[in-house]
>>> print(open('run_6.csv').read())   # CSV, C-alpha atoms
chain,number,residue,atom,x,y,z
P,1,MET,CA,84.2,78.6,122.6
P,2,ASN,CA,87.6,78.2,120.9
P,3,LEU,CA,87.5,78.2,117.2
P,4,ARG,CA,90.1,76.7,114.9
P,5,SER,CA,91.4,77.9,111.6
P,6,THR,CA,92.7,75.2,109.2
P,7,SER,CA,94.9,75.3,106.2
P,8,MET,CA,96.2,72.4,104.2
P,9,SER,CA,99.3,72.1,106.4
P,10,ASN,CA,98.3,73.1,110.0
P,11,THR,CA,95.6,74.1,112.5
P,12,ILE,CA,95.6,77.6,114.0
P,13,LYS,CA,93.5,78.2,117.1
P,14,LEU,CA,91.2,81.2,116.5
P,15,PRO,CA,90.3,83.4,119.4
P,16,SER,CA,86.7,83.0,120.6
P,17,GLN,CA,84.0,85.0,118.8
P,18,ASP,CA,83.8,87.4,121.8
P,19,GLU,CA,87.5,87.9,121.6
P,20,LEU,CA,87.4,88.5,117.8
P,21,TYR,CA,84.7,91.2,118.4
P,22,ARG,CA,86.9,92.8,121.1
P,23,ILE,CA,89.8,93.0,118.6
P,24,PHE,CA,87.9,93.8,115.3
P,25,ASP,CA,85.0,95.6,113.8
P,26,VAL,CA,83.7,94.1,110.6
P,27,ASP,CA,81.7,95.2,107.7
P,28,PHE,CA,80.1,92.0,106.4
P,29,ASP,CA,78.9,93.7,103.2
P,30,THR,CA,82.4,94.6,102.1
P,31,GLY,CA,84.3,91.8,103.9
P,32,THR,CA,86.6,94.4,105.6
P,33,LEU,CA,88.0,94.1,109.1
P,34,TYR,CA,88.9,97.1,111.2
P,35,TRP,CA,91.0,97.4,114.3
P,36,LYS,CA,89.1,98.4,117.4
P,37,LYS,CA,90.5,100.7,120.1
P,38,ARG,CA,91.9,98.3,122.7
P,39,GLU,CA,92.3,98.9,126.4
P,40,ASP,CA,95.0,96.2,126.5
P,41,LYS,CA,97.2,98.1,124.0
P,42,SER,CA,99.3,101.2,124.2
P,43,ASN,CA,98.1,104.6,123.3
P,44,GLU,CA,100.5,104.4,120.4
P,45,PHE,CA,98.8,101.3,119.0
P,46,ASN,CA,95.4,102.9,119.3
P,47,LYS,CA,96.5,106.2,117.6
P,48,LYS,CA,98.2,104.2,114.8
P,49,TYR,CA,95.6,101.4,114.2
P,50,ALA,CA,92.2,102.0,115.8
P,51,GLY,CA,89.5,102.4,113.2
P,52,LYS,CA,91.9,101.5,110.3
P,53,VAL,CA,91.6,98.5,108.0
P,54,ALA,CA,93.1,95.4,109.7
P,55,GLY,CA,95.2,93.0,107.7
P,56,CYS,CA,97.0,93.1,104.4
P,57,LEU,CA,97.1,91.1,101.2
P,58,ASP,CA,99.6,88.2,101.2
P,59,LYS,CA,100.7,88.4,97.6
P,60,SER,CA,102.0,84.8,97.5
P,61,SER,CA,98.7,83.3,98.5
P,62,GLY,CA,96.2,86.0,97.4
P,63,TYR,CA,94.5,86.0,100.8
P,64,VAL,CA,94.1,88.9,103.2
P,65,THR,CA,95.8,88.0,106.6
P,66,ALA,CA,95.7,89.8,110.0
P,67,GLY,CA,98.0,89.3,112.9
P,68,VAL,CA,96.3,88.2,116.2
P,69,ASP,CA,98.6,87.7,119.2
P,70,GLY,CA,101.6,87.2,116.9
P,71,THR,CA,99.8,84.7,114.6
P,72,LYS,CA,98.8,85.4,111.0
P,73,ILE,CA,95.2,84.4,110.4
P,74,ARG,CA,93.4,84.6,107.1
P,75,ALA,CA,90.7,87.3,107.3
P,76,HIS,CA,88.0,85.2,105.7
P,77,ARG,CA,88.3,82.7,108.6
P,78,ILE,CA,88.0,85.6,111.1
P,79,ILE,CA,85.0,87.1,109.3
P,80,TYR,CA,83.2,83.8,108.9
P,81,ALA,CA,83.8,83.0,112.6
P,82,MET,CA,82.5,86.4,113.7
P,83,TYR,CA,79.3,86.0,111.7
P,84,HIS,CA,78.6,82.3,112.3
P,85,ALA,CA,80.3,81.8,115.7
P,86,GLU,CA,82.1,78.7,114.4
P,87,CYS,CA,84.8,77.6,112.0
P,88,SER,CA,85.1,73.8,112.2
P,89,THR,CA,88.6,72.2,112.0
P,90,ASP,CA,87.4,69.7,109.5
P,91,LYS,CA,86.0,72.3,107.1
P,92,GLN,CA,87.3,74.9,104.8
P,93,ILE,CA,86.0,78.3,103.9
P,94,ASP,CA,85.3,78.5,100.1
P,95,HIS,CA,85.3,81.9,98.3
P,96,ILE,CA,82.3,81.2,96.1
P,97,ASN,CA,83.5,83.5,93.3
P,98,GLY,CA,87.0,82.3,93.5
P,99,ILE,CA,88.5,85.7,94.4
P,100,ARG,CA,90.6,85.0,97.5
P,101,ASP,CA,90.5,88.6,98.8
P,102,ASP,CA,86.7,89.0,98.4
P,103,ASN,CA,85.7,88.4,102.0
P,104,ARG,CA,82.1,89.5,101.9
P,105,ILE,CA,80.0,87.2,104.0
P,106,GLU,CA,77.8,86.4,101.0
P,107,ASN,CA,80.9,85.1,99.2
P,108,LEU,CA,82.0,82.7,102.0
P,109,ARG,CA,80.7,79.2,102.6
P,110,LEU,CA,81.8,76.4,104.9
P,111,VAL,CA,82.6,73.3,102.9
P,112,ASP,CA,84.6,70.1,103.2
P,113,HIS,CA,87.8,69.6,101.1
P,114,VAL,CA,86.0,67.7,98.3
P,115,GLN,CA,83.3,70.5,98.0
P,116,ASN,CA,86.1,73.1,97.9
P,117,THR,CA,87.8,71.3,95.0
P,118,ARG,CA,84.5,71.4,93.1
P,119,ASN,CA,84.6,75.1,92.9
P,120,VAL,CA,88.0,75.9,91.3
P,121,VAL,CA,89.1,78.0,88.3
P,122,LEU,CA,90.0,76.3,85.0
P,123,SER,CA,93.6,75.1,85.1
P,124,LYS,CA,96.1,77.1,83.1
P,125,LYS,CA,97.3,73.8,81.6
P,126,ASN,CA,93.8,73.1,80.2
P,127,LYS,CA,94.0,73.3,76.4
P,128,VAL,CA,90.3,72.7,75.4
P,129,GLY,CA,88.6,75.3,77.7
P,130,VAL,CA,86.5,72.9,79.8
P,131,SER,CA,87.5,71.5,83.1
P,132,GLY,CA,87.9,67.7,83.1
P,133,ILE,CA,88.2,67.3,79.3
P,134,TRP,CA,91.3,66.8,77.3
P,135,TYR,CA,92.1,65.9,73.8
P,136,ASN,CA,93.9,62.6,73.1
P,137,LYS,CA,95.7,63.1,69.8
P,138,ALA,CA,96.7,59.4,69.5
P,139,ARG,CA,93.1,58.3,69.7
P,140,ASN,CA,91.6,61.4,68.0
P,141,LYS,CA,89.1,61.6,70.9
P,142,TYR,CA,88.1,63.9,73.7
P,143,GLU,CA,88.5,62.2,77.1
P,144,VAL,CA,86.4,63.1,80.2
P,145,THR,CA,87.7,62.6,83.7
P,146,VAL,CA,86.2,63.6,87.2
P,147,GLY,CA,88.6,64.8,89.9
P,148,GLY,CA,91.5,64.0,87.6
P,149,LYS,CA,90.5,60.3,87.6
P,150,ALA,CA,88.6,58.1,85.3
P,151,THR,CA,84.8,58.3,85.3
P,152,ASP,CA,82.5,56.0,87.2
P,153,THR,CA,82.9,53.4,84.5
P,154,GLY,CA,86.5,52.8,85.6
P,155,GLN,CA,87.9,54.1,82.3
P,156,ARG,CA,88.1,57.5,80.7
P,157,LYS,CA,85.0,58.1,78.7
P,158,ARG,CA,85.9,59.0,75.1
P,159,PHE,CA,84.0,61.1,72.6
P,160,SER,CA,84.6,62.0,69.0
P,161,ASP,CA,82.4,65.1,69.4
P,162,PHE,CA,83.6,67.9,71.7
P,163,PHE,CA,80.0,69.0,72.4
P,164,GLU,CA,79.0,65.5,73.6
P,165,ALA,CA,82.1,65.4,75.8
P,166,CYS,CA,81.1,68.8,77.3
P,167,CYS,CA,77.5,67.7,77.9
P,168,TYR,CA,78.6,64.4,79.6
P,169,ARG,CA,81.2,66.3,81.8
P,170,LYS,CA,78.6,68.9,82.9
P,171,SER,CA,76.0,66.2,83.6
P,172,LEU,CA,78.6,64.5,85.9
P,173,GLU,CA,79.3,67.8,87.6
P,174,ASN,CA,75.6,68.4,88.2
P,175,MET,CA,75.1,64.8,89.5
P,176,LEU,CA,78.2,65.1,91.8
P,177,GLY,CA,77.2,68.5,93.2
P,178,TYR,CA,79.9,70.7,91.7
P,179,HIS,CA,79.4,74.4,92.2
P,180,PRO,CA,78.1,76.2,89.1
P,181,ASN,CA,81.3,78.3,89.1
P,182,HIS,CA,83.5,75.3,88.7
P,183,GLY,CA,85.9,75.5,85.8
P,184,ARG,CA,85.4,79.3,85.3
P,185,MET,CA,88.2,81.2,83.7
P,186,GLN,CA,90.0,83.8,85.7
>>> encode(input="run_6.csv", output="structure tokens")
Amino acid sequence: MNLRSTSMSNTIKLPSQDELYRIFDVDFDTGTLYWKKREDKSNEFNKKYAGKVAGCLDKSSGYVTAGVDGTKIRAHRIIYAMYHAECSTDKQIDHINGIRDDNRIENLRLVDHVQNTRNVVLSKKNKVGVSGIWYNKARNKYEVTVGGKATDTGQRKRFSDFFEACCYRKSLENMLGYHPNHGRMQ
């Protein structure tokens, strides 16, 4: 079975689960990949890499990546595919706690794009401390949005009381299946 790894911009074909197990050992409890001794590699490769941690942190994205046949693949996709034997092209792997280099299997879940956007940290631009709520100075009201858009009423729901706005927003998040971690500070 060929597995695919997706990002927002492209699709990378993952090796099969058997091939991944031929290349890597994995500790699912820590989310760490290790290079295996490989018959198809030189003695030099095996002396230098076999048994050592595979991959490195990509500082620009925050994800751990490992090179497989000249292609960089995010470690969480490799680990998920090794554990579950699949990594669908129309799905994403969500880091439940929002920490991109925490690849423990218990921290990874297969989700669609919408589900993945319902488990994000609070935006640095947010001024009130709760995701989906902003303060409209001109109206002297707190306004609630969902997914950056107006609520189901077709308009922004407005509240004089911050607590009421928070309760309304959280009830929408619960109703729409947002992850409990959504809007956490990091």
>>> residues_around(input="run_6.csv", residues="P:Lys125", least_positions_apart="5", cutoff="12 Å", atoms="all atoms listed in the file", output="number ranges by chain")
P: 130-134, 185
>>> write_last_selection(input="run_6.csv", atoms="C-alpha atoms", output="PDB file, in the coordinates of the input")
ATOM      1  CA  VAL P 130      86.500  72.900  79.800  1.00  0.00           C
ATOM      2  CA  SER P 131      87.500  71.500  83.100  1.00  0.00           C
ATOM      3  CA  GLY P 132      87.900  67.700  83.100  1.00  0.00           C
ATOM      4  CA  ILE P 133      88.200  67.300  79.300  1.00  0.00           C
ATOM      5  CA  TRP P 134      91.300  66.800  77.300  1.00  0.00           C
ATOM      6  CA  MET P 185      88.200  81.200  83.700  1.00  0.00           C
TER       7      MET P 185
END
>>> closest_residue(input="run_6.csv", among="P:Val128, P:Val121, P:Ala50, P:Ile96", to="P:Glu143", atoms="all atoms listed in the file")
P:Val128
>>> closest_residue(input="run_6.csv", among="P:Met82, P:Val64, P:Leu110, P:Leu57", to="P:Arg22", atoms="all atoms listed in the file")
P:Met82
>>> residues_around(input="run_6.csv", residues="P:His76", least_positions_apart="2", cutoff="9 Å", atoms="only C-alpha atoms", output="list in words")
Gly31, Tyr63, Val64, Thr65, Ile73, Arg74, Ile78, Ile79, Tyr80, Ala81, Ile93, His95, Arg100, Asp101, Asp102, Asn103, Arg104, Ile105 and Leu108 of chain P
>>> residues_around(input="run_6.csv", residues="stretch 34-47 of chain P", least_positions_apart="2", cutoff="9 Å", atoms="only C-alpha atoms", output="ChimeraX atom specification")
/P:21-27,32,49-55
>>> atom_distance(input="run_6.csv", atom1="atom CA of P:Asn97", atom2="atom CA of P:Glu173")
17.2 Å
>>> atom_distance(input="run_6.csv", atom1="atom CA of P:Asp161", atom2="atom CA of P:Asn136")
12.3 Å
>>> residues_around(input="run_6.csv", residues="stretch 162-172 of chain P", least_positions_apart="2", cutoff="8 Å", atoms="only C-alpha atoms", output="ChimeraX atom specification")
/P:130,132-133,142-146,158-160,174-176
>>> atom_distance(input="run_6.csv", atom1="atom CA of P:Gly147", atom2="atom CA of P:Tyr135")
16.5 Å
>>> closest_residue(input="run_6.csv", among="P:Arg109, P:Lys59, P:Lys137, P:Arg184", to="P:Ser88", atoms="all atoms listed in the file")
P:Arg109
>>> closest_residue(input="run_6.csv", among="P:Asn140, P:Asn116, P:Asn107, P:Thr71", to="P:Gln92", atoms="only C-alpha atoms")
P:Asn116
>>> closest_residue(input="run_6.csv", among="P:His179, P:Arg156, P:Lys48, P:Lys91", to="P:Val120", atoms="all atoms listed in the file")
P:His179
>>> closest_residue(input="run_6.csv", among="P:Leu14, P:Val68, P:Glu19, P:Asp90", to="P:His113", atoms="only C-alpha atoms")
P:Asp90
>>> decode(input="run_6.csv", residues="stretch 119-134 of chain P", atoms="N, CA, C and O atoms", output="PDB file, in the first residue's frame")
ATOM      1  N   ASN P 119      -8.785  23.415  16.269  1.00  0.00           N
ATOM      2  CA  ASN P 119      -7.883  23.112  17.376  1.00  0.00           C
ATOM      3  C   ASN P 119      -6.606  23.930  17.180  1.00  0.00           C
ATOM      4  O   ASN P 119      -5.544  23.381  16.929  1.00  0.00           O
ATOM      5  N   VAL P 120      -6.740  25.235  17.258  1.00  0.00           N
ATOM      6  CA  VAL P 120      -5.586  26.122  17.060  1.00  0.00           C
ATOM      7  C   VAL P 120      -5.402  27.023  18.276  1.00  0.00           C
ATOM      8  O   VAL P 120      -6.327  27.239  19.055  1.00  0.00           O
ATOM      9  N   VAL P 121      -4.196  27.555  18.405  1.00  0.00           N
ATOM     10  CA  VAL P 121      -3.900  28.456  19.516  1.00  0.00           C
ATOM     11  C   VAL P 121      -4.575  29.805  19.285  1.00  0.00           C
ATOM     12  O   VAL P 121      -4.941  30.158  18.167  1.00  0.00           O
ATOM     13  N   LEU P 122      -4.699  30.549  20.341  1.00  0.00           N
ATOM     14  CA  LEU P 122      -5.250  31.890  20.276  1.00  0.00           C
ATOM     15  C   LEU P 122      -4.336  32.771  19.434  1.00  0.00           C
ATOM     16  O   LEU P 122      -3.117  32.776  19.624  1.00  0.00           O
ATOM     17  N   SER P 123      -4.896  33.490  18.505  1.00  0.00           N
ATOM     18  CA  SER P 123      -4.118  34.368  17.635  1.00  0.00           C
ATOM     19  C   SER P 123      -3.405  35.437  18.456  1.00  0.00           C
ATOM     20  O   SER P 123      -3.957  35.980  19.424  1.00  0.00           O
ATOM     21  N   LYS P 124      -2.187  35.743  18.048  1.00  0.00           N
ATOM     22  CA  LYS P 124      -1.425  36.802  18.717  1.00  0.00           C
ATOM     23  C   LYS P 124      -2.090  38.163  18.525  1.00  0.00           C
ATOM     24  O   LYS P 124      -1.867  39.085  19.293  1.00  0.00           O
ATOM     25  N   LYS P 125      -2.933  38.281  17.518  1.00  0.00           N
ATOM     26  CA  LYS P 125      -3.636  39.536  17.244  1.00  0.00           C
ATOM     27  C   LYS P 125      -4.867  39.722  18.138  1.00  0.00           C
ATOM     28  O   LYS P 125      -5.409  40.814  18.225  1.00  0.00           O
ATOM     29  N   ASN P 126      -5.303  38.640  18.784  1.00  0.00           N
ATOM     30  CA  ASN P 126      -6.500  38.708  19.621  1.00  0.00           C
ATOM     31  C   ASN P 126      -6.246  39.607  20.830  1.00  0.00           C
ATOM     32  O   ASN P 126      -5.262  39.436  21.538  1.00  0.00           O
ATOM     33  N   LYS P 127      -7.126  40.551  21.053  1.00  0.00           N
ATOM     34  CA  LYS P 127      -6.938  41.533  22.131  1.00  0.00           C
ATOM     35  C   LYS P 127      -7.797  41.280  23.359  1.00  0.00           C
ATOM     36  O   LYS P 127      -7.585  41.908  24.393  1.00  0.00           O
ATOM     37  N   VAL P 128      -8.784  40.362  23.257  1.00  0.00           N
ATOM     38  CA  VAL P 128      -9.667  40.140  24.402  1.00  0.00           C
ATOM     39  C   VAL P 128      -9.370  38.834  25.135  1.00  0.00           C
ATOM     40  O   VAL P 128      -9.884  38.615  26.232  1.00  0.00           O
ATOM     41  N   GLY P 129      -8.579  37.951  24.545  1.00  0.00           N
ATOM     42  CA  GLY P 129      -8.185  36.726  25.225  1.00  0.00           C
ATOM     43  C   GLY P 129      -9.060  35.517  24.966  1.00  0.00           C
ATOM     44  O   GLY P 129      -8.837  34.463  25.546  1.00  0.00           O
ATOM     45  N   VAL P 130     -10.061  35.645  24.088  1.00  0.00           N
ATOM     46  CA  VAL P 130     -10.928  34.521  23.749  1.00  0.00           C
ATOM     47  C   VAL P 130     -11.071  34.469  22.234  1.00  0.00           C
ATOM     48  O   VAL P 130     -11.423  35.467  21.598  1.00  0.00           O
ATOM     49  N   SER P 131     -10.810  33.308  21.683  1.00  0.00           N
ATOM     50  CA  SER P 131     -10.901  33.120  20.238  1.00  0.00           C
ATOM     51  C   SER P 131     -12.317  33.404  19.741  1.00  0.00           C
ATOM     52  O   SER P 131     -13.294  32.998  20.361  1.00  0.00           O
ATOM     53  N   GLY P 132     -12.416  34.124  18.620  1.00  0.00           N
ATOM     54  CA  GLY P 132     -13.713  34.386  17.994  1.00  0.00           C
ATOM     55  C   GLY P 132     -14.485  35.553  18.582  1.00  0.00           C
ATOM     56  O   GLY P 132     -15.642  35.762  18.235  1.00  0.00           O
ATOM     57  N   ILE P 133     -13.864  36.285  19.502  1.00  0.00           N
ATOM     58  CA  ILE P 133     -14.524  37.453  20.092  1.00  0.00           C
ATOM     59  C   ILE P 133     -13.614  38.667  19.923  1.00  0.00           C
ATOM     60  O   ILE P 133     -12.409  38.579  20.120  1.00  0.00           O
ATOM     61  N   TRP P 134     -14.220  39.760  19.513  1.00  0.00           N
ATOM     62  CA  TRP P 134     -13.455  41.015  19.446  1.00  0.00           C
ATOM     63  C   TRP P 134     -14.325  42.149  19.946  1.00  0.00           C
ATOM     64  O   TRP P 134     -15.549  42.054  19.984  1.00  0.00           O
TER      65      TRP P 134
END
